[in-house]
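Student: Got a structure for you, written out below as structure tokens; questions coming shortly.
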Amino acid sequence: MRINPLRAIYKSASILFLFLFTTTLCEGQDFYDINSVKDIKLEFVESNWSDLLDSLKFNGEKKRVVAKLKFNGVTYDSVGVRYKGNSSYYSVRKSGSQKLPFNIKVNYIKKDQKLPGGYTSIKLSNVFRDPSFIREAMAYEVARDYMSASSCNYARLYVNDTSIGLYNSVESVDKKFLTKHFGEKDGIFIKCDPVDLAAAKEITKGKNCDTGEYASLVNQGKDSVCYESNYELKSDHGWKELMTLTSYLKSDKENIHKVLDVDETLWMLAFNNVMVNLDSYTGKLSHNYYIYQDSLGIFHPILWDLNMAFGGFRYEGAGSRPLSNEDMQNMSMFLHYKNEDRPLISSLLSDDLYRKMYTHHIKTIISDHFSSGKYKTRAEALQRQIDFYVKNDENKLYDYESFKANLRSSSLAAKANMIGIYELMDARASKLNSHPLLSKSGPSINKPSNQTEGEDVIITSRITGAERVFLFYKNGKLGITNKVKMNDNGEAGDRTASDGEYSLKMKKSEISHYYIVAEAEKVVSISPKNSGKKPHEVR
């Protein structure tokens, strides 16, 4: 067969163009693309750069050391660098390792300087207390199915051409994050993490402050000084709004939805419990999360710092002993249910409907990721992707054998025993699934439809096995989530007939997003099941 030389040249050129175009796309991918390990290179003028960073960290200063950053062939001048973290810094520094966690501000001096994707901050976690290297990346992937949560991938760090090692690179919860998830960025923004635990008691001594456990949202009085050691304002004001939130949790639980997105909070609590993520609101230190109040007055919780998910932290409360492997496998899904020092849990779960929604969310997370074994497929894929980089990381905190073993079984991380991820989650999923509230089937909800009639919208769904059906809705993605009963066959009130079609007519101007909660005696069903991330839309 004769080949047209012009056609052959054209075909070769097309292939070359496609290769170059694809390569450009790959190079321009989002900074947090999980499918490739990034190379981040810092260049300091000062040879004693590490001493300078240590000095800033020990003195609690927010200043930074200026450096050059090279990423993907581009040089970013005058970025600001400091160390970050608490245990992941101090414990590792004490051990003599140079693999410390970094916080890099790309627009520290040049305000318009941004990374691909528009990011201005880099948070590099040193994989502290995680021989498997995948706890943080996989935990964030699970979380993003149900709530607003950071992206996370892997990066190799070099400083002055010397390899420091493989890191988790975690998207900063900052104004870009807020804009991406809430469509705005200028509301009240609070980091819920004790600033200085030792100083907290001294600061509040002699003040009229009620006691509380760290950043647990316990109402500690009406003076902002009572809160300043446990919370960090990231906006220019917010103490009054924080105190209002704690007041609702303490004494006006029935109206908590007027200041807090309850469903998002239930998802966060369910996630922490299923994943045994105790280095969080749910555990001893009640920290590692943010709250953002949108422009319509509603607070939204945001997870942070998941390197100790999957049982990496063993303390569930103040004064508690460390949990054994068996304790974590069998941990109650109602941990802190009666603990007034954990008001997000005790106040919300004291409401019968919210408690049923919480157990539904637990069941959903387990079903989606753990009962099916999906998490194992993902865990093994992540380990294969980074195997070469872990093996060649001369500064890794734990040995390569532990990296391979900790997926399935317990391994030592320094002197700490880190339970294997499979070892924990297989037993935990089985234990939770055997609970009567999870093993019981809920009502059946057919996918709802909505039909516009002039200025009205009629939402309809056929639902079986429900005693009551509620529509949770809002107009826009922000603001108060309202709740109203749906009618069965056009009759208002509780469900009394056998089974039927539920419907509700509303003004179209009042609703844009919604989810349906069908309630039975002990359980609920929710449509869509991932209500916190992808509610139904009125179109």
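Quick note on naming: the chains in the structure tokens go A, B, ... in the order shown, residues restart at 1 in each chain, and ligands are numbered from 1 in order of appearance.
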Go through region 254-444 of chain A and collect every residue that DSSP, computed from the backbone, puts in strand (DSSP E); the answer should be as a PyMOL selection string.
Tutor: chain A and resi 289-293+299-303+411-413+416-418+444
Student: Among region 267-508 of chain A, which residues carry a DSSP assignment of alpha helix (DSSP H), reported as a ChimeraX atom specification?
Tutor: /A:267-274,325-329,343-349,352-365,374-391,400-405,421-433,436-439
Student: If we count only C-alpha atoms and set the cut-off at 9 Å, which residues sit around Glu232 (chain A), ignoring sequence neighbours fewer than 6 positions away in its own chain? Please answer as a PyMOL selection string.
Tutor: chain A and resi 189-195
Student: With C-alpha atoms kept, could you save the residues just selected as a compact mmCIF listing (two decimals), in the first residue's frame?
Tutor:
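Output contents, as saved in result24.txt:
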```
# COMPACT_ATOMS: atom_id res chain seq x y z
CA PHE A 189 -13.19 32.93 60.04
CA ILE A 190 -11.84 31.16 63.11
CA LYS A 191 -9.19 28.49 63.56
CA CYS A 192 -10.29 26.24 66.41
CA ASP A 193 -6.95 25.24 67.85
CA PRO A 194 -5.44 26.22 71.21
CA VAL A 195 -2.74 28.83 70.68
```
Student: Near region 127-132 of chain A, within 10 Å and counting only C-alpha atoms, which residues show up once chain neighbours fewer than 2 positions away are dropped, as a PyMOL selection string?
Tutor: chain A and resi 87-89+91-92+99-101+124-125+134-136+166-169+307-313+379+382-383+390+396-408+410-421
Student: Would you mind reading off the distance between CA of Ser441 (chain A) and CA of Ser347 (chain A), one decimal, in Å?
Tutor: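 Separation of CA of Ser441 (chain A) and CA of Ser347 (chain A): 25.8 Å.
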Student: Residues of region 43-158 of chain A that have any atom at most 10 Å from an atom of region 355-365 of chain A: could you tabulate them with the shortest-distance atom pair and the distance in Å to one decimal, using only C-alpha atoms, ordered by chain and increasing number, as JSON lines?
Tutor:
```
{"residue": "A:Val142", "atom": "CA", "partner": "A:Ile365", "partner_atom": "CA", "distance": 8.1}
{"residue": "A:Ala143", "atom": "CA", "partner": "A:Ile365", "partner_atom": "CA", "distance": 9.1}
{"residue": "A:Asp145", "atom": "CA", "partner": "A:Ile365", "partner_atom": "CA", "distance": 9.0}
{"residue": "A:Tyr146", "atom": "CA", "partner": "A:Ile365", "partner_atom": "CA", "distance": 8.6}
```
Student: What would the file look like if the residues just selected were written as a PDB file, in the first residue's frame with all heavy atoms?
Tutor:
```
ATOM      1  N   VAL A 142     -11.779  10.666  51.343  1.00  0.00           N
ATOM      2  CA  VAL A 142     -13.068  10.229  51.893  1.00  0.00           C
ATOM      3  C   VAL A 142     -13.891  11.444  52.309  1.00  0.00           C
ATOM      4  O   VAL A 142     -15.083  11.555  51.987  1.00  0.00           O
ATOM      5  CB  VAL A 142     -12.862   9.278  53.091  1.00  0.00           C
ATOM      6  CG1 VAL A 142     -14.195   8.959  53.770  1.00  0.00           C
ATOM      7  CG2 VAL A 142     -12.181   7.985  52.649  1.00  0.00           C
ATOM      8  N   ALA A 143     -13.281  12.373  53.021  1.00  0.00           N
ATOM      9  CA  ALA A 143     -13.997  13.551  53.520  1.00  0.00           C
ATOM     10  C   ALA A 143     -14.614  14.356  52.388  1.00  0.00           C
ATOM     11  O   ALA A 143     -15.750  14.855  52.507  1.00  0.00           O
ATOM     12  CB  ALA A 143     -13.062  14.424  54.344  1.00  0.00           C
ATOM     13  N   ASP A 145     -15.976  13.516  49.770  1.00  0.00           N
ATOM     14  CA  ASP A 145     -17.220  12.960  49.251  1.00  0.00           C
ATOM     15  C   ASP A 145     -18.444  13.530  49.960  1.00  0.00           C
ATOM     16  O   ASP A 145     -19.557  13.459  49.431  1.00  0.00           O
ATOM     17  CB  ASP A 145     -17.240  11.433  49.413  1.00  0.00           C
ATOM     18  CG  ASP A 145     -16.451  10.725  48.327  1.00  0.00           C
ATOM     19  OD1 ASP A 145     -16.030  11.392  47.354  1.00  0.00           O
ATOM     20  OD2 ASP A 145     -16.250   9.504  48.441  1.00  0.00           O
ATOM     21  N   TYR A 146     -18.236  14.112  51.164  1.00  0.00           N
ATOM     22  CA  TYR A 146     -19.387  14.483  51.989  1.00  0.00           C
ATOM     23  C   TYR A 146     -19.372  15.926  52.496  1.00  0.00           C
ATOM     24  O   TYR A 146     -20.384  16.400  53.003  1.00  0.00           O
ATOM     25  CB  TYR A 146     -19.469  13.539  53.199  1.00  0.00           C
ATOM     26  CG  TYR A 146     -19.363  12.089  52.807  1.00  0.00           C
ATOM     27  CD1 TYR A 146     -18.197  11.366  53.046  1.00  0.00           C
ATOM     28  CD2 TYR A 146     -20.420  11.448  52.167  1.00  0.00           C
ATOM     29  CE1 TYR A 146     -18.097  10.029  52.665  1.00  0.00           C
ATOM     30  CE2 TYR A 146     -20.317  10.123  51.779  1.00  0.00           C
ATOM     31  CZ  TYR A 146     -19.149   9.417  52.035  1.00  0.00           C
ATOM     32  OH  TYR A 146     -19.051   8.106  51.643  1.00  0.00           O
TER      33      TYR A 146
END
```
Student: Please identify all polymer residues within 7 Å of Gly283 (chain A), counting only C-alpha atoms, omitting same-chain residues fewer than 2 positions from it, and present them as a count of residues only.
Tutor: 9
Student: When you count only C-alpha atoms, which of these residues is closest to Lys391 (chain A): A:Tyr76, A:Tyr32, A:Tyr108, A:Phe133?
Tutor: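 So, comparing all the options, the nearest one is A:Phe133.
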Student: As an exercise, work out the distance from CA of Gly221 (chain A) to CA of Gly60 (chain A) in Å and give it to one decimal place.
Tutor: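 About the pair CA of Gly221 (chain A) and CA of Gly60 (chain A): they are 27.3 Å apart.
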Student: Can you work out which one of A:Lys440, A:Arg468, A:Lys123, A:Lys222 has the shortest atom-to-atom distance to Ser151 (chain A), counting only C-alpha atoms?
Tutor: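 Looking only at the distances to Ser151 (chain A), the closest residue turns out to be A:Lys123.
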Student: Provide the CA of His300 (chain A) to CA of Thr265 (chain A) distance in Å, to one decimal place.
Tutor: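 So the answer is 7.3 Å.
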Student: Just want the 9 Å neighbourhood of Trp304 (chain A), counted on only C-alpha atoms, with same-chain residues fewer than 3 positions away dropped. Output as a PyMOL selection string.
Tutor: chain A and resi 149-150+172-173+280+287-290
Student: Output the selection as a JSON list (two decimals), in the first residue's frame - N, CA and C atoms for each residue.
Tutor:
```json
[["chain", "number", "residue", "atom", "x", "y", "z"],
["A", 149, "ALA", "N", -13.62, 20.03, 52.08],
["A", 149, "ALA", "CA", -12.36, 19.58, 52.68],
["A", 149, "ALA", "C", -11.22, 19.81, 51.70],
["A", 150, "SER", "N", -10.01, 19.94, 52.23],
["A", 150, "SER", "CA", -8.84, 20.28, 51.43],
["A", 150, "SER", "C", -8.47, 19.18, 50.44],
["A", 172, "SER", "N", -4.27, 24.66, 51.77],
["A", 172, "SER", "CA", -4.52, 25.53, 52.91],
["A", 172, "SER", "C", -5.99, 25.92, 52.99],
["A", 173, "VAL", "N", -6.52, 25.96, 54.21],
["A", 173, "VAL", "CA", -7.87, 26.50, 54.41],
["A", 173, "VAL", "C", -7.71, 28.02, 54.54],
["A", 280, "SER", "N", -8.83, 15.62, 66.74],
["A", 280, "SER", "CA", -9.88, 16.42, 66.11],
["A", 280, "SER", "C", -10.80, 16.97, 67.19],
["A", 287, "HIS", "N", -9.69, 19.94, 68.79],
["A", 287, "HIS", "CA", -9.05, 20.96, 67.95],
["A", 287, "HIS", "C", -8.98, 20.49, 66.51],
["A", 288, "ASN", "N", -8.14, 21.15, 65.72],
["A", 288, "ASN", "CA", -7.89, 20.79, 64.32],
["A", 288, "ASN", "C", -9.15, 20.92, 63.44],
["A", 289, "TYR", "N", -9.80, 22.07, 63.53],
["A", 289, "TYR", "CA", -10.87, 22.37, 62.61],
["A", 289, "TYR", "C", -11.03, 23.89, 62.56],
["A", 290, "TYR", "N", -11.71, 24.35, 61.54],
["A", 290, "TYR", "CA", -12.04, 25.77, 61.39],
["A", 290, "TYR", "C", -13.56, 25.93, 61.41]]
```
Student: Excluding same-chain residues fewer than 2 positions from Tyr515 (chain A), what lies within 12 Å of it counting only C-alpha atoms, as a VMD selection string?
Tutor: chain A and resid 263 357 445 447 to 449 459 to 461 469 to 474 481 to 484 486 511 to 513 517 to 518 525 to 538
Student: With N, CA, C and O atoms kept, could you save the residues just selected as a short mmCIF file (atom, residue, chain, number, x, y, z; two decimals), in the first residue's frame?
Tutor:
```cif
data_model
loop_
_atom_site.label_atom_id
_atom_site.label_comp_id
_atom_site.auth_asym_id
_atom_site.auth_seq_id
_atom_site.Cartn_x
_atom_site.Cartn_y
_atom_site.Cartn_z
N ASP A 263 -26.32 19.91 59.28
CA ASP A 263 -26.01 18.71 58.51
C ASP A 263 -24.52 18.61 58.21
O ASP A 263 -23.93 17.53 58.33
N MET A 357 -30.06 11.23 61.78
CA MET A 357 -29.31 11.67 60.60
C MET A 357 -27.83 11.36 60.76
O MET A 357 -27.15 10.94 59.81
N ILE A 445 -36.84 5.86 49.49
CA ILE A 445 -37.14 7.14 48.86
C ILE A 445 -36.84 7.04 47.37
O ILE A 445 -35.68 6.83 46.99
N LYS A 447 -36.18 8.71 43.80
CA LYS A 447 -35.55 9.98 43.46
C LYS A 447 -36.63 11.05 43.24
O LYS A 447 -37.54 10.87 42.43
N PRO A 448 -36.54 12.15 43.98
CA PRO A 448 -37.59 13.17 43.88
C PRO A 448 -37.55 13.91 42.54
O PRO A 448 -36.52 13.98 41.88
N SER A 449 -38.69 14.46 42.17
CA SER A 449 -38.77 15.31 40.99
C SER A 449 -39.34 16.65 41.40
O SER A 449 -39.98 16.78 42.45
N ILE A 459 -42.42 19.71 44.62
CA ILE A 459 -41.43 18.64 44.81
C ILE A 459 -42.18 17.38 45.22
O ILE A 459 -42.99 17.40 46.15
N THR A 460 -41.91 16.28 44.53
CA THR A 460 -42.65 15.04 44.72
C THR A 460 -41.70 13.86 44.81
O THR A 460 -40.70 13.80 44.10
N SER A 461 -42.03 12.92 45.68
CA SER A 461 -41.27 11.68 45.76
C SER A 461 -42.15 10.58 46.35
O SER A 461 -42.93 10.83 47.28
N VAL A 469 -41.94 12.74 56.98
CA VAL A 469 -40.99 13.10 55.92
C VAL A 469 -40.77 14.61 55.98
O VAL A 469 -41.72 15.39 56.05
N PHE A 470 -39.49 14.98 55.96
CA PHE A 470 -39.12 16.39 56.03
C PHE A 470 -38.35 16.80 54.79
O PHE A 470 -37.54 16.04 54.25
N LEU A 471 -38.63 18.03 54.36
CA LEU A 471 -37.83 18.66 53.32
C LEU A 471 -36.93 19.69 53.99
O LEU A 471 -37.42 20.59 54.68
N PHE A 472 -35.62 19.54 53.84
CA PHE A 472 -34.64 20.53 54.29
C PHE A 472 -34.23 21.34 53.06
O PHE A 472 -33.83 20.76 52.05
N TYR A 473 -34.32 22.65 53.15
CA TYR A 473 -34.08 23.44 51.94
C TYR A 473 -33.46 24.80 52.29
O TYR A 473 -33.53 25.29 53.41
N LYS A 474 -32.86 25.39 51.26
CA LYS A 474 -32.37 26.76 51.36
C LYS A 474 -32.41 27.39 49.98
O LYS A 474 -32.49 26.67 48.96
N THR A 481 -30.67 26.64 56.77
CA THR A 481 -31.36 25.50 56.19
C THR A 481 -32.70 25.34 56.91
O THR A 481 -32.74 25.07 58.10
N ASN A 482 -33.77 25.55 56.17
CA ASN A 482 -35.11 25.46 56.74
C ASN A 482 -35.61 24.02 56.67
O ASN A 482 -35.18 23.23 55.81
N LYS A 483 -36.56 23.70 57.53
CA LYS A 483 -37.14 22.35 57.57
C LYS A 483 -38.66 22.46 57.57
O LYS A 483 -39.23 23.26 58.32
N VAL A 484 -39.32 21.65 56.73
CA VAL A 484 -40.77 21.64 56.69
C VAL A 484 -41.25 20.21 56.41
O VAL A 484 -40.57 19.45 55.71
N MET A 486 -43.26 17.32 54.66
CA MET A 486 -43.89 17.08 53.36
C MET A 486 -45.24 16.41 53.59
O MET A 486 -45.44 15.68 54.57
N ILE A 511 -36.52 28.47 47.26
CA ILE A 511 -35.77 27.22 47.31
C ILE A 511 -34.93 27.02 46.06
O ILE A 511 -35.39 27.24 44.93
N SER A 512 -33.68 26.64 46.26
CA SER A 512 -32.81 26.28 45.14
C SER A 512 -32.15 24.92 45.37
O SER A 512 -31.85 24.21 44.42
N HIS A 513 -31.91 24.56 46.64
CA HIS A 513 -31.26 23.29 46.99
C HIS A 513 -32.06 22.63 48.11
O HIS A 513 -32.58 23.31 49.00
N VAL A 517 -35.53 13.95 54.16
CA VAL A 517 -35.27 13.04 55.26
C VAL A 517 -36.56 12.31 55.59
O VAL A 517 -37.55 12.93 56.00
N ALA A 518 -36.58 11.01 55.36
CA ALA A 518 -37.73 10.17 55.67
C ALA A 518 -37.45 9.44 56.98
O ALA A 518 -36.49 8.67 57.08
N SER A 525 -33.86 7.65 56.30
CA SER A 525 -33.19 7.60 55.01
C SER A 525 -33.14 9.03 54.49
O SER A 525 -34.00 9.85 54.80
N ILE A 526 -32.10 9.33 53.70
CA ILE A 526 -31.90 10.68 53.19
C ILE A 526 -31.65 10.62 51.69
O ILE A 526 -30.92 9.76 51.20
N SER A 527 -32.28 11.52 50.97
CA SER A 527 -32.04 11.64 49.53
C SER A 527 -31.67 13.09 49.21
O SER A 527 -32.42 14.01 49.53
N PRO A 528 -30.47 13.30 48.57
CA PRO A 528 -29.47 12.28 48.24
C PRO A 528 -28.71 11.87 49.50
O PRO A 528 -28.66 12.63 50.47
N LYS A 529 -28.09 10.70 49.47
CA LYS A 529 -27.46 10.19 50.69
C LYS A 529 -26.27 11.05 51.12
O LYS A 529 -25.98 11.15 52.31
N ASN A 530 -25.59 11.68 50.16
CA ASN A 530 -24.49 12.60 50.51
C ASN A 530 -25.01 14.03 50.53
O ASN A 530 -24.55 14.91 49.80
N SER A 531 -25.99 14.26 51.39
CA SER A 531 -26.71 15.53 51.46
C SER A 531 -25.81 16.72 51.71
O SER A 531 -26.09 17.83 51.27
N GLY A 532 -24.71 16.51 52.44
CA GLY A 532 -23.84 17.61 52.80
C GLY A 532 -23.05 18.18 51.64
O GLY A 532 -22.60 19.32 51.68
N LYS A 533 -22.86 17.39 50.58
CA LYS A 533 -22.01 17.81 49.47
C LYS A 533 -22.81 18.10 48.19
O LYS A 533 -22.53 19.07 47.49
N LYS A 534 -23.81 17.27 47.91
CA LYS A 534 -24.52 17.41 46.64
C LYS A 534 -26.03 17.29 46.86
O LYS A 534 -26.63 16.25 46.53
N PRO A 535 -26.67 18.31 47.43
CA PRO A 535 -28.12 18.26 47.58
C PRO A 535 -28.81 18.33 46.22
O PRO A 535 -28.20 18.68 45.21
N HIS A 536 -30.09 17.99 46.20
CA HIS A 536 -30.87 18.14 44.98
C HIS A 536 -31.01 19.62 44.63
O HIS A 536 -31.00 20.47 45.53
N GLU A 537 -31.14 19.91 43.36
CA GLU A 537 -31.31 21.29 42.91
C GLU A 537 -32.65 21.46 42.21
O GLU A 537 -33.12 20.55 41.51
N VAL A 538 -33.25 22.61 42.43
CA VAL A 538 -34.46 22.97 41.70
C VAL A 538 -34.03 23.60 40.39
O VAL A 538 -33.28 24.58 40.37
#
```
